[in-house]
>>> print(open('run-v5.txt').read())   # compact mmCIF, N, CA, C and O atoms
# COMPACT_ATOMS: atom_id res chain seq x y z
N MET A 1 0.65 63.28 -44.87
CA MET A 1 0.08 63.37 -43.54
C MET A 1 0.56 62.21 -42.68
O MET A 1 0.43 61.06 -43.05
N SER A 2 1.05 62.50 -41.52
CA SER A 2 1.53 61.46 -40.62
C SER A 2 0.50 61.09 -39.55
O SER A 2 0.74 60.21 -38.76
N LEU A 3 -0.64 61.73 -39.56
CA LEU A 3 -1.67 61.46 -38.55
C LEU A 3 -2.11 59.99 -38.52
O LEU A 3 -2.16 59.39 -37.46
N PRO A 4 -2.42 59.36 -39.68
CA PRO A 4 -2.83 57.96 -39.62
C PRO A 4 -1.78 57.04 -39.03
O PRO A 4 -2.10 56.10 -38.33
N ARG A 5 -0.50 57.32 -39.27
CA ARG A 5 0.56 56.48 -38.71
C ARG A 5 0.64 56.66 -37.20
O ARG A 5 0.99 55.75 -36.48
N ILE A 6 0.32 57.81 -36.71
CA ILE A 6 0.39 58.09 -35.27
C ILE A 6 -0.89 57.61 -34.57
O ILE A 6 -0.85 57.14 -33.45
N ALA A 7 -2.01 57.69 -35.26
CA ALA A 7 -3.30 57.38 -34.64
C ALA A 7 -3.39 55.93 -34.15
O ALA A 7 -3.86 55.69 -33.04
N LEU A 8 -2.96 54.97 -34.94
CA LEU A 8 -3.07 53.57 -34.54
C LEU A 8 -2.24 53.24 -33.30
O LEU A 8 -2.76 52.67 -32.34
N PRO A 9 -0.95 53.61 -33.26
CA PRO A 9 -0.19 53.34 -32.03
C PRO A 9 -0.77 54.05 -30.81
O PRO A 9 -0.77 53.50 -29.71
N MET A 10 -1.30 55.24 -31.01
CA MET A 10 -1.90 55.96 -29.88
C MET A 10 -3.15 55.23 -29.39
O MET A 10 -3.38 55.13 -28.19
N LEU A 11 -3.94 54.71 -30.32
CA LEU A 11 -5.14 53.98 -29.94
C LEU A 11 -4.77 52.70 -29.17
O LEU A 11 -5.36 52.41 -28.13
N VAL A 12 -3.81 51.97 -29.68
CA VAL A 12 -3.37 50.74 -29.00
C VAL A 12 -2.84 51.06 -27.61
O VAL A 12 -3.20 50.40 -26.63
N THR A 13 -2.01 52.07 -27.50
CA THR A 13 -1.46 52.47 -26.20
C THR A 13 -2.57 52.90 -25.27
O THR A 13 -2.59 52.55 -24.09
N SER A 14 -3.52 53.65 -25.79
CA SER A 14 -4.65 54.10 -24.97
C SER A 14 -5.43 52.93 -24.42
O SER A 14 -5.80 52.90 -23.24
N LEU A 15 -5.71 51.94 -25.26
CA LEU A 15 -6.44 50.76 -24.80
C LEU A 15 -5.68 50.00 -23.73
O LEU A 15 -6.26 49.54 -22.75
N LEU A 16 -4.38 49.86 -23.92
CA LEU A 16 -3.57 49.15 -22.93
C LEU A 16 -3.51 49.92 -21.62
O LEU A 16 -3.57 49.32 -20.54
N LEU A 17 -3.39 51.22 -21.68
CA LEU A 17 -3.30 52.01 -20.46
C LEU A 17 -4.61 52.08 -19.70
O LEU A 17 -4.61 52.26 -18.49
N THR A 18 -5.71 51.93 -20.38
CA THR A 18 -7.01 51.96 -19.69
C THR A 18 -7.43 50.58 -19.23
O THR A 18 -8.57 50.35 -18.88
N ALA A 19 -6.49 49.64 -19.23
CA ALA A 19 -6.72 48.27 -18.74
C ALA A 19 -7.84 47.59 -19.49
O ALA A 19 -8.75 47.01 -18.92
N CYS A 20 -7.78 47.67 -20.80
CA CYS A 20 -8.74 46.96 -21.64
C CYS A 20 -8.53 45.48 -21.42
O CYS A 20 -7.54 44.91 -21.87
N GLY A 21 -9.43 44.86 -20.69
CA GLY A 21 -9.26 43.45 -20.33
C GLY A 21 -9.68 42.50 -21.43
O GLY A 21 -10.31 42.88 -22.41
N ARG A 22 -9.31 41.25 -21.27
CA ARG A 22 -9.67 40.21 -22.21
C ARG A 22 -11.18 40.07 -22.31
O ARG A 22 -11.70 39.72 -23.36
N GLU A 23 -11.90 40.35 -21.23
CA GLU A 23 -13.35 40.21 -21.24
C GLU A 23 -14.00 41.15 -22.25
O GLU A 23 -14.98 40.82 -22.88
N VAL A 24 -13.45 42.36 -22.38
CA VAL A 24 -13.99 43.34 -23.32
C VAL A 24 -13.88 42.81 -24.74
O VAL A 24 -14.74 43.05 -25.59
N LEU A 25 -12.84 42.07 -25.01
CA LEU A 25 -12.62 41.51 -26.34
C LEU A 25 -13.36 40.19 -26.55
O LEU A 25 -13.28 39.58 -27.60
N GLY A 26 -14.09 39.75 -25.52
CA GLY A 26 -14.83 38.49 -25.62
C GLY A 26 -13.93 37.28 -25.50
O GLY A 26 -14.21 36.22 -26.07
N LEU A 27 -12.85 37.41 -24.74
CA LEU A 27 -11.88 36.32 -24.60
C LEU A 27 -11.86 35.81 -23.16
O LEU A 27 -12.00 36.59 -22.24
N PRO A 28 -11.71 34.55 -22.93
CA PRO A 28 -11.65 33.51 -23.95
C PRO A 28 -13.01 33.34 -24.60
O PRO A 28 -14.04 33.59 -23.97
N ARG A 29 -13.03 32.91 -25.84
CA ARG A 29 -14.29 32.80 -26.60
C ARG A 29 -15.27 31.85 -25.91
O ARG A 29 -16.43 32.16 -25.75
N ALA A 30 -14.82 30.68 -25.50
CA ALA A 30 -15.63 29.75 -24.72
C ALA A 30 -14.95 29.61 -23.37
O ALA A 30 -13.91 29.00 -23.25
N SER A 31 -15.55 30.22 -22.35
CA SER A 31 -14.88 30.32 -21.06
C SER A 31 -15.09 29.11 -20.14
O SER A 31 -14.24 28.79 -19.34
N ILE A 32 -16.25 28.47 -20.26
CA ILE A 32 -16.58 27.34 -19.39
C ILE A 32 -17.21 26.26 -20.26
O ILE A 32 -18.03 26.57 -21.12
N SER A 33 -16.86 25.01 -20.03
CA SER A 33 -17.55 23.92 -20.71
C SER A 33 -17.62 22.72 -19.77
O SER A 33 -16.69 22.45 -19.03
N VAL A 34 -18.78 22.03 -19.81
CA VAL A 34 -18.99 20.87 -18.94
C VAL A 34 -19.72 19.79 -19.75
O VAL A 34 -20.77 20.06 -20.35
N ALA A 35 -19.18 18.60 -19.76
CA ALA A 35 -19.80 17.48 -20.47
C ALA A 35 -20.98 16.93 -19.67
O ALA A 35 -20.99 16.98 -18.44
N SER A 36 -21.96 16.42 -20.39
CA SER A 36 -23.11 15.79 -19.75
C SER A 36 -22.66 14.51 -19.05
O SER A 36 -21.60 13.96 -19.37
N PRO A 37 -23.46 13.98 -18.12
CA PRO A 37 -23.06 12.78 -17.39
C PRO A 37 -22.74 11.59 -18.30
O PRO A 37 -21.82 10.82 -18.01
N ASP A 38 -23.44 11.45 -19.42
CA ASP A 38 -23.16 10.32 -20.32
C ASP A 38 -22.16 10.70 -21.42
O ASP A 38 -21.93 9.92 -22.34
N GLN A 39 -21.60 11.91 -21.34
CA GLN A 39 -20.59 12.40 -22.29
C GLN A 39 -21.12 12.58 -23.71
O GLN A 39 -20.34 12.72 -24.65
N SER A 40 -22.44 12.61 -23.91
CA SER A 40 -22.99 12.74 -25.26
C SER A 40 -23.14 14.19 -25.70
O SER A 40 -23.37 14.45 -26.88
N ALA A 41 -23.02 15.13 -24.76
CA ALA A 41 -23.17 16.55 -25.09
C ALA A 41 -22.25 17.37 -24.20
O ALA A 41 -21.80 16.91 -23.15
N VAL A 42 -22.00 18.59 -24.64
CA VAL A 42 -21.20 19.53 -23.86
C VAL A 42 -21.95 20.86 -23.82
O VAL A 42 -22.36 21.37 -24.87
N ALA A 43 -22.16 21.37 -22.62
CA ALA A 43 -22.73 22.71 -22.46
C ALA A 43 -21.56 23.67 -22.27
O ALA A 43 -20.60 23.34 -21.56
N PHE A 44 -21.64 24.83 -22.91
CA PHE A 44 -20.55 25.78 -22.76
C PHE A 44 -21.05 27.22 -22.84
O PHE A 44 -22.12 27.49 -23.37
N VAL A 45 -20.27 28.10 -22.26
CA VAL A 45 -20.57 29.53 -22.26
C VAL A 45 -19.69 30.19 -23.31
O VAL A 45 -18.49 29.97 -23.35
N ARG A 46 -20.31 31.00 -24.14
CA ARG A 46 -19.58 31.74 -25.16
C ARG A 46 -19.58 33.22 -24.77
O ARG A 46 -20.61 33.79 -24.46
N ASN A 47 -18.39 33.81 -24.73
CA ASN A 47 -18.24 35.24 -24.45
C ASN A 47 -18.32 36.02 -25.76
O ASN A 47 -17.85 35.56 -26.80
N HIS A 48 -18.88 37.22 -25.70
CA HIS A 48 -19.02 38.08 -26.88
C HIS A 48 -18.34 39.42 -26.61
O HIS A 48 -18.46 39.96 -25.50
N PRO A 49 -17.64 39.98 -27.61
CA PRO A 49 -16.96 41.27 -27.42
C PRO A 49 -17.97 42.38 -27.10
O PRO A 49 -19.04 42.44 -27.69
N THR A 50 -17.61 43.21 -26.14
CA THR A 50 -18.46 44.34 -25.76
C THR A 50 -17.65 45.36 -24.99
O THR A 50 -16.63 45.02 -24.39
N ILE A 51 -18.12 46.59 -24.99
CA ILE A 51 -17.44 47.64 -24.23
C ILE A 51 -17.70 47.47 -22.74
O ILE A 51 -16.88 47.82 -21.91
N ASP A 52 -18.86 46.94 -22.39
CA ASP A 52 -19.26 46.81 -20.99
C ASP A 52 -19.59 45.35 -20.68
O ASP A 52 -20.75 44.96 -20.69
N PRO A 53 -18.56 44.49 -20.44
CA PRO A 53 -18.82 43.07 -20.21
C PRO A 53 -19.54 42.82 -18.89
O PRO A 53 -19.57 43.71 -18.06
N PRO A 54 -20.10 41.68 -18.68
CA PRO A 54 -20.05 40.52 -19.55
C PRO A 54 -21.16 40.53 -20.59
O PRO A 54 -22.20 41.15 -20.40
N ALA A 55 -20.92 39.82 -21.68
CA ALA A 55 -21.93 39.53 -22.71
C ALA A 55 -21.71 38.07 -23.07
O ALA A 55 -20.74 37.71 -23.71
N GLN A 56 -22.62 37.22 -22.60
CA GLN A 56 -22.43 35.78 -22.73
C GLN A 56 -23.70 35.10 -23.26
O GLN A 56 -24.80 35.66 -23.20
N SER A 57 -23.52 33.89 -23.75
CA SER A 57 -24.63 33.04 -24.14
C SER A 57 -24.29 31.60 -23.75
O SER A 57 -23.12 31.24 -23.65
N LEU A 58 -25.33 30.82 -23.51
CA LEU A 58 -25.17 29.42 -23.12
C LEU A 58 -25.49 28.54 -24.33
O LEU A 58 -26.53 28.74 -24.98
N TRP A 59 -24.61 27.60 -24.64
CA TRP A 59 -24.72 26.76 -25.83
C TRP A 59 -24.66 25.28 -25.47
O TRP A 59 -24.11 24.91 -24.44
N LEU A 60 -25.17 24.46 -26.38
CA LEU A 60 -25.10 23.01 -26.26
C LEU A 60 -24.48 22.46 -27.54
O LEU A 60 -24.90 22.81 -28.64
N ARG A 61 -23.48 21.59 -27.39
CA ARG A 61 -22.86 20.91 -28.53
C ARG A 61 -23.12 19.41 -28.38
O ARG A 61 -22.76 18.82 -27.36
N ASP A 62 -23.74 18.82 -29.40
CA ASP A 62 -23.96 17.37 -29.40
C ASP A 62 -23.77 16.85 -30.82
O ASP A 62 -23.22 17.55 -31.67
N GLU A 63 -24.27 15.63 -31.10
CA GLU A 63 -24.06 15.04 -32.42
C GLU A 63 -24.77 15.81 -33.53
O GLU A 63 -24.46 15.63 -34.71
N HIS A 64 -25.71 16.67 -33.17
CA HIS A 64 -26.44 17.47 -34.16
C HIS A 64 -25.79 18.82 -34.44
O HIS A 64 -26.26 19.57 -35.27
N GLY A 65 -24.75 19.15 -33.72
CA GLY A 65 -24.08 20.44 -33.89
C GLY A 65 -24.19 21.30 -32.64
O GLY A 65 -24.34 20.78 -31.54
N GLU A 66 -24.13 22.61 -32.84
CA GLU A 66 -24.22 23.55 -31.72
C GLU A 66 -25.56 24.29 -31.75
O GLU A 66 -26.00 24.72 -32.81
N THR A 67 -26.15 24.43 -30.57
CA THR A 67 -27.43 25.11 -30.42
C THR A 67 -27.32 26.12 -29.29
O THR A 67 -26.88 25.76 -28.19
N GLN A 68 -27.73 27.35 -29.55
CA GLN A 68 -27.75 28.35 -28.48
C GLN A 68 -28.97 28.10 -27.62
O GLN A 68 -30.10 28.06 -28.11
N LEU A 69 -28.75 27.95 -26.32
CA LEU A 69 -29.84 27.71 -25.38
C LEU A 69 -30.40 29.01 -24.83
O LEU A 69 -31.60 29.13 -24.60
N ARG A 70 -29.49 29.97 -24.59
CA ARG A 70 -29.95 31.22 -23.99
C ARG A 70 -28.92 32.32 -24.19
O ARG A 70 -27.72 32.10 -24.02
N GLN A 71 -29.40 33.49 -24.54
CA GLN A 71 -28.57 34.70 -24.58
C GLN A 71 -28.73 35.37 -23.22
O GLN A 71 -29.84 35.67 -22.80
N LEU A 72 -27.64 35.58 -22.51
CA LEU A 72 -27.72 36.20 -21.19
C LEU A 72 -27.75 37.72 -21.34
O LEU A 72 -27.15 38.27 -22.27
N ALA A 73 -28.44 38.37 -20.44
CA ALA A 73 -28.59 39.83 -20.51
C ALA A 73 -27.23 40.51 -20.35
O ALA A 73 -26.53 40.26 -19.36
N PRO A 74 -26.82 41.32 -21.32
CA PRO A 74 -25.50 41.98 -21.25
C PRO A 74 -25.36 42.85 -20.00
O PRO A 74 -26.30 43.55 -19.62
N ASP A 75 -24.19 42.80 -19.39
CA ASP A 75 -23.82 43.61 -18.23
C ASP A 75 -24.71 43.38 -17.01
O ASP A 75 -24.65 44.12 -16.06
N PHE A 76 -25.54 42.35 -17.05
CA PHE A 76 -26.45 42.11 -15.94
C PHE A 76 -26.42 40.65 -15.52
O PHE A 76 -26.47 40.33 -14.34
N ASP A 77 -26.37 39.77 -16.49
CA ASP A 77 -26.47 38.34 -16.25
C ASP A 77 -25.20 37.67 -16.76
O ASP A 77 -24.73 37.97 -17.85
N TRP A 78 -24.62 36.77 -15.98
CA TRP A 78 -23.43 36.07 -16.42
C TRP A 78 -23.42 34.68 -15.82
O TRP A 78 -24.18 34.36 -14.92
N CYS A 79 -22.53 33.85 -16.36
CA CYS A 79 -22.46 32.46 -15.95
C CYS A 79 -21.05 32.12 -15.50
O CYS A 79 -20.09 32.31 -16.24
N ASN A 80 -20.93 31.61 -14.28
CA ASN A 80 -19.65 31.16 -13.75
C ASN A 80 -19.61 29.64 -13.56
O ASN A 80 -18.56 29.08 -13.34
N THR A 81 -20.78 29.00 -13.64
CA THR A 81 -20.88 27.56 -13.39
C THR A 81 -21.95 26.95 -14.29
O THR A 81 -22.98 27.57 -14.54
N ILE A 82 -21.70 25.75 -14.77
CA ILE A 82 -22.71 24.99 -15.51
C ILE A 82 -22.94 23.69 -14.76
O ILE A 82 -21.99 23.03 -14.34
N VAL A 83 -24.21 23.32 -14.58
CA VAL A 83 -24.56 22.11 -13.84
C VAL A 83 -25.53 21.28 -14.67
O VAL A 83 -26.49 21.81 -15.23
N TRP A 84 -25.28 19.99 -14.75
CA TRP A 84 -26.17 19.05 -15.43
C TRP A 84 -26.99 18.29 -14.39
O TRP A 84 -26.50 18.00 -13.31
N SER A 85 -28.21 17.93 -14.73
CA SER A 85 -29.00 17.03 -13.88
C SER A 85 -28.35 15.64 -13.95
O SER A 85 -27.62 15.34 -14.90
N GLY A 86 -28.61 14.80 -12.97
CA GLY A 86 -28.02 13.48 -12.91
C GLY A 86 -28.30 12.62 -14.13
O GLY A 86 -27.47 11.81 -14.55
N ASP A 87 -29.50 12.77 -14.72
CA ASP A 87 -29.85 11.97 -15.89
C ASP A 87 -29.42 12.63 -17.21
O ASP A 87 -29.63 12.06 -18.29
N GLY A 88 -28.84 13.83 -17.15
CA GLY A 88 -28.33 14.49 -18.33
C GLY A 88 -29.36 15.13 -19.23
O GLY A 88 -29.07 15.51 -20.35
N THR A 89 -30.61 15.28 -18.74
CA THR A 89 -31.65 15.87 -19.57
C THR A 89 -31.80 17.36 -19.38
O THR A 89 -32.46 18.02 -20.19
N THR A 90 -31.20 17.89 -18.34
CA THR A 90 -31.34 19.32 -18.05
C THR A 90 -29.97 19.92 -17.73
O THR A 90 -29.17 19.31 -17.02
N VAL A 91 -29.74 21.11 -18.26
CA VAL A 91 -28.52 21.85 -17.97
C VAL A 91 -28.93 23.20 -17.41
O VAL A 91 -29.92 23.79 -17.84
N ALA A 92 -28.18 23.68 -16.43
CA ALA A 92 -28.47 24.98 -15.81
C ALA A 92 -27.18 25.75 -15.63
O ALA A 92 -26.10 25.18 -15.58
N ARG A 93 -27.31 27.03 -15.53
CA ARG A 93 -26.14 27.89 -15.30
C ARG A 93 -26.20 28.42 -13.89
O ARG A 93 -27.24 28.54 -13.29
N GLY A 94 -25.04 28.73 -13.38
CA GLY A 94 -24.97 29.29 -12.04
C GLY A 94 -24.20 30.56 -12.00
O GLY A 94 -23.61 30.99 -12.94
>>> encode(input="run-v5.txt", output="structure tokens")
Amino acid sequence: MSLPRIALPMLVTSLLLTACGREVLGLPRASISVASPDQSAVAFVRNHPTIDPPAQSLWLRDEHGETQLRQLAPDFDWCNTIVWSGDGTTVARG
């Protein structure tokens, strides 16, 4: 049977022709990152693969590791900007 050999190239071609964007694949994996004012932490947005983007979450990386701060509502809520308070105690998304 030659169907399996034909199916994969057809699928790849189909995805390319339908303009399957990088966002659908969750790329770039971390799209935005901003260091805190004292440089002790980094807030970043993580993209997740989905058929209907965006699917994002807001994370914090510091000396203790990475912590998810918030899962954003898929296809409804997204983050284009990260802002830190002047004293570095609060991070917000925009």
>>> atom_distance(input="run-v5.txt", atom1="atom N of Gln56 in chain A", atom2="CA of Phe76 in chain A")
9.1 Å
>>> residues_around(input="run-v5.txt", residues="range 29-44 of chain A", least_positions_apart="2", cutoff="6 Å", atoms="all atoms listed in the file", output="mmCIF file with N, CA, C and O atoms, in the frame of the given file")
data_model
loop_
_atom_site.group_PDB
_atom_site.id
_atom_site.type_symbol
_atom_site.label_atom_id
_atom_site.label_comp_id
_atom_site.auth_asym_id
_atom_site.auth_seq_id
_atom_site.Cartn_x
_atom_site.Cartn_y
_atom_site.Cartn_z
ATOM 1 N N GLY A 26 -14.090 39.750 -25.520
ATOM 2 C CA GLY A 26 -14.830 38.490 -25.620
ATOM 3 C C GLY A 26 -13.930 37.280 -25.500
ATOM 4 O O GLY A 26 -14.210 36.220 -26.070
ATOM 5 N N LEU A 27 -12.850 37.410 -24.740
ATOM 6 C CA LEU A 27 -11.880 36.320 -24.600
ATOM 7 C C LEU A 27 -11.860 35.810 -23.160
ATOM 8 O O LEU A 27 -12.000 36.590 -22.240
ATOM 9 N N ARG A 46 -20.310 31.000 -24.140
ATOM 10 C CA ARG A 46 -19.580 31.740 -25.160
ATOM 11 C C ARG A 46 -19.580 33.220 -24.770
ATOM 12 O O ARG A 46 -20.610 33.790 -24.460
ATOM 13 N N ASN A 47 -18.390 33.810 -24.730
ATOM 14 C CA ASN A 47 -18.240 35.240 -24.450
ATOM 15 C C ASN A 47 -18.320 36.020 -25.760
ATOM 16 O O ASN A 47 -17.850 35.560 -26.800
ATOM 17 N N HIS A 48 -18.880 37.220 -25.700
ATOM 18 C CA HIS A 48 -19.020 38.080 -26.880
ATOM 19 C C HIS A 48 -18.340 39.420 -26.610
ATOM 20 O O HIS A 48 -18.460 39.960 -25.500
ATOM 21 N N SER A 57 -23.520 33.890 -23.750
ATOM 22 C CA SER A 57 -24.630 33.040 -24.140
ATOM 23 C C SER A 57 -24.290 31.600 -23.750
ATOM 24 O O SER A 57 -23.120 31.240 -23.650
ATOM 25 N N LEU A 58 -25.330 30.820 -23.510
ATOM 26 C CA LEU A 58 -25.170 29.420 -23.120
ATOM 27 C C LEU A 58 -25.490 28.540 -24.330
ATOM 28 O O LEU A 58 -26.530 28.740 -24.980
ATOM 29 N N TRP A 59 -24.610 27.600 -24.640
ATOM 30 C CA TRP A 59 -24.720 26.760 -25.830
ATOM 31 C C TRP A 59 -24.660 25.280 -25.470
ATOM 32 O O TRP A 59 -24.110 24.910 -24.440
ATOM 33 N N LEU A 60 -25.170 24.460 -26.380
ATOM 34 C CA LEU A 60 -25.100 23.010 -26.260
ATOM 35 C C LEU A 60 -24.480 22.460 -27.540
ATOM 36 O O LEU A 60 -24.900 22.810 -28.640
ATOM 37 N N ARG A 61 -23.480 21.590 -27.390
ATOM 38 C CA ARG A 61 -22.860 20.910 -28.530
ATOM 39 C C ARG A 61 -23.120 19.410 -28.380
ATOM 40 O O ARG A 61 -22.760 18.820 -27.360
ATOM 41 N N ASP A 62 -23.740 18.820 -29.400
ATOM 42 C CA ASP A 62 -23.960 17.370 -29.400
ATOM 43 C C ASP A 62 -23.770 16.850 -30.820
ATOM 44 O O ASP A 62 -23.220 17.550 -31.670
ATOM 45 N N GLU A 63 -24.270 15.630 -31.100
ATOM 46 C CA GLU A 63 -24.060 15.040 -32.420
ATOM 47 C C GLU A 63 -24.770 15.810 -33.530
ATOM 48 O O GLU A 63 -24.460 15.630 -34.710
ATOM 49 N N ILE A 82 -21.700 25.750 -14.770
ATOM 50 C CA ILE A 82 -22.710 24.990 -15.510
ATOM 51 C C ILE A 82 -22.940 23.690 -14.760
ATOM 52 O O ILE A 82 -21.990 23.030 -14.340
ATOM 53 N N SER A 85 -28.210 17.930 -14.730
ATOM 54 C CA SER A 85 -29.000 17.030 -13.880
ATOM 55 C C SER A 85 -28.350 15.640 -13.950
ATOM 56 O O SER A 85 -27.620 15.340 -14.900
ATOM 57 N N GLY A 86 -28.610 14.800 -12.970
ATOM 58 C CA GLY A 86 -28.020 13.480 -12.910
ATOM 59 C C GLY A 86 -28.300 12.620 -14.130
ATOM 60 O O GLY A 86 -27.470 11.810 -14.550
ATOM 61 N N GLY A 88 -28.840 13.830 -17.150
ATOM 62 C CA GLY A 88 -28.330 14.490 -18.330
ATOM 63 C C GLY A 88 -29.360 15.130 -19.230
ATOM 64 O O GLY A 88 -29.070 15.510 -20.350
#
>>> atom_distance(input="run-v5.txt", atom1="CA of Ala55 in chain A", atom2="CA of Pro74 in chain A")
4.6 Å
>>> atom_distance(input="run-v5.txt", atom1="atom C of Leu69 in chain A", atom2="atom O of Arg93 in chain A")
12.0 Å
>>> decode(input="run-v5.txt", residues="range 36-49 of chain A", atoms="N, CA, C and O atoms", output="JSON list (two decimals), in the first residue's frame")
[["chain", "number", "residue", "atom", "x", "y", "z"],
["A", 36, "SER", "N", 13.21, 41.99, 35.89],
["A", 36, "SER", "CA", 12.76, 42.89, 36.95],
["A", 36, "SER", "C", 13.75, 44.05, 37.08],
["A", 36, "SER", "O", 14.90, 43.94, 36.64],
["A", 37, "PRO", "N", 13.35, 45.16, 37.72],
["A", 37, "PRO", "CA", 14.24, 46.31, 37.84],
["A", 37, "PRO", "C", 15.58, 45.98, 38.50],
["A", 37, "PRO", "O", 16.62, 46.52, 38.11],
["A", 38, "ASP", "N", 15.59, 45.06, 39.47],
["A", 38, "ASP", "CA", 16.86, 44.71, 40.12],
["A", 38, "ASP", "C", 17.54, 43.51, 39.47],
["A", 38, "ASP", "O", 18.53, 42.99, 39.99],
["A", 39, "GLN", "N", 16.99, 43.03, 38.35],
["A", 39, "GLN", "CA", 17.55, 41.92, 37.58],
["A", 39, "GLN", "C", 17.53, 40.58, 38.32],
["A", 39, "GLN", "O", 18.20, 39.64, 37.91],
["A", 40, "SER", "N", 16.75, 40.46, 39.39],
["A", 40, "SER", "CA", 16.73, 39.21, 40.15],
["A", 40, "SER", "C", 15.73, 38.20, 39.62],
["A", 40, "SER", "O", 15.76, 37.03, 40.01],
["A", 41, "ALA", "N", 14.84, 38.64, 38.73],
["A", 41, "ALA", "CA", 13.82, 37.75, 38.18],
["A", 41, "ALA", "C", 13.52, 38.16, 36.74],
["A", 41, "ALA", "O", 13.81, 39.28, 36.33],
["A", 42, "VAL", "N", 12.93, 37.23, 36.01],
["A", 42, "VAL", "CA", 12.50, 37.49, 34.64],
["A", 42, "VAL", "C", 11.06, 37.00, 34.50],
["A", 42, "VAL", "O", 10.75, 35.86, 34.85],
["A", 43, "ALA", "N", 10.19, 37.87, 34.02],
["A", 43, "ALA", "CA", 8.82, 37.48, 33.70],
["A", 43, "ALA", "C", 8.79, 37.19, 32.20],
["A", 43, "ALA", "O", 9.41, 37.92, 31.41],
["A", 44, "PHE", "N", 8.10, 36.12, 31.82],
["A", 44, "PHE", "CA", 8.04, 35.79, 30.40],
["A", 44, "PHE", "C", 6.72, 35.14, 30.04],
["A", 44, "PHE", "O", 6.02, 34.59, 30.89],
["A", 45, "VAL", "N", 6.38, 35.25, 28.77],
["A", 45, "VAL", "CA", 5.16, 34.65, 28.23],
["A", 45, "VAL", "C", 5.55, 33.38, 27.50],
["A", 45, "VAL", "O", 6.47, 33.38, 26.69],
["A", 46, "ARG", "N", 4.84, 32.32, 27.79],
["A", 46, "ARG", "CA", 5.07, 31.04, 27.12],
["A", 46, "ARG", "C", 3.88, 30.77, 26.19],
["A", 46, "ARG", "O", 2.74, 30.86, 26.60],
["A", 47, "ASN", "N", 4.18, 30.49, 24.93],
["A", 47, "ASN", "CA", 3.15, 30.12, 23.95],
["A", 47, "ASN", "C", 2.94, 28.62, 23.98],
["A", 47, "ASN", "O", 3.88, 27.85, 24.17],
["A", 48, "HIS", "N", 1.70, 28.18, 23.76],
["A", 48, "HIS", "CA", 1.36, 26.76, 23.75],
["A", 48, "HIS", "C", 0.73, 26.40, 22.41],
["A", 48, "HIS", "O", -0.07, 27.18, 21.87],
["A", 49, "PRO", "N", 1.06, 25.23, 21.85],
["A", 49, "PRO", "CA", 0.49, 24.81, 20.56],
["A", 49, "PRO", "C", -1.03, 24.68, 20.65],
["A", 49, "PRO", "O", -1.56, 24.18, 21.63]]
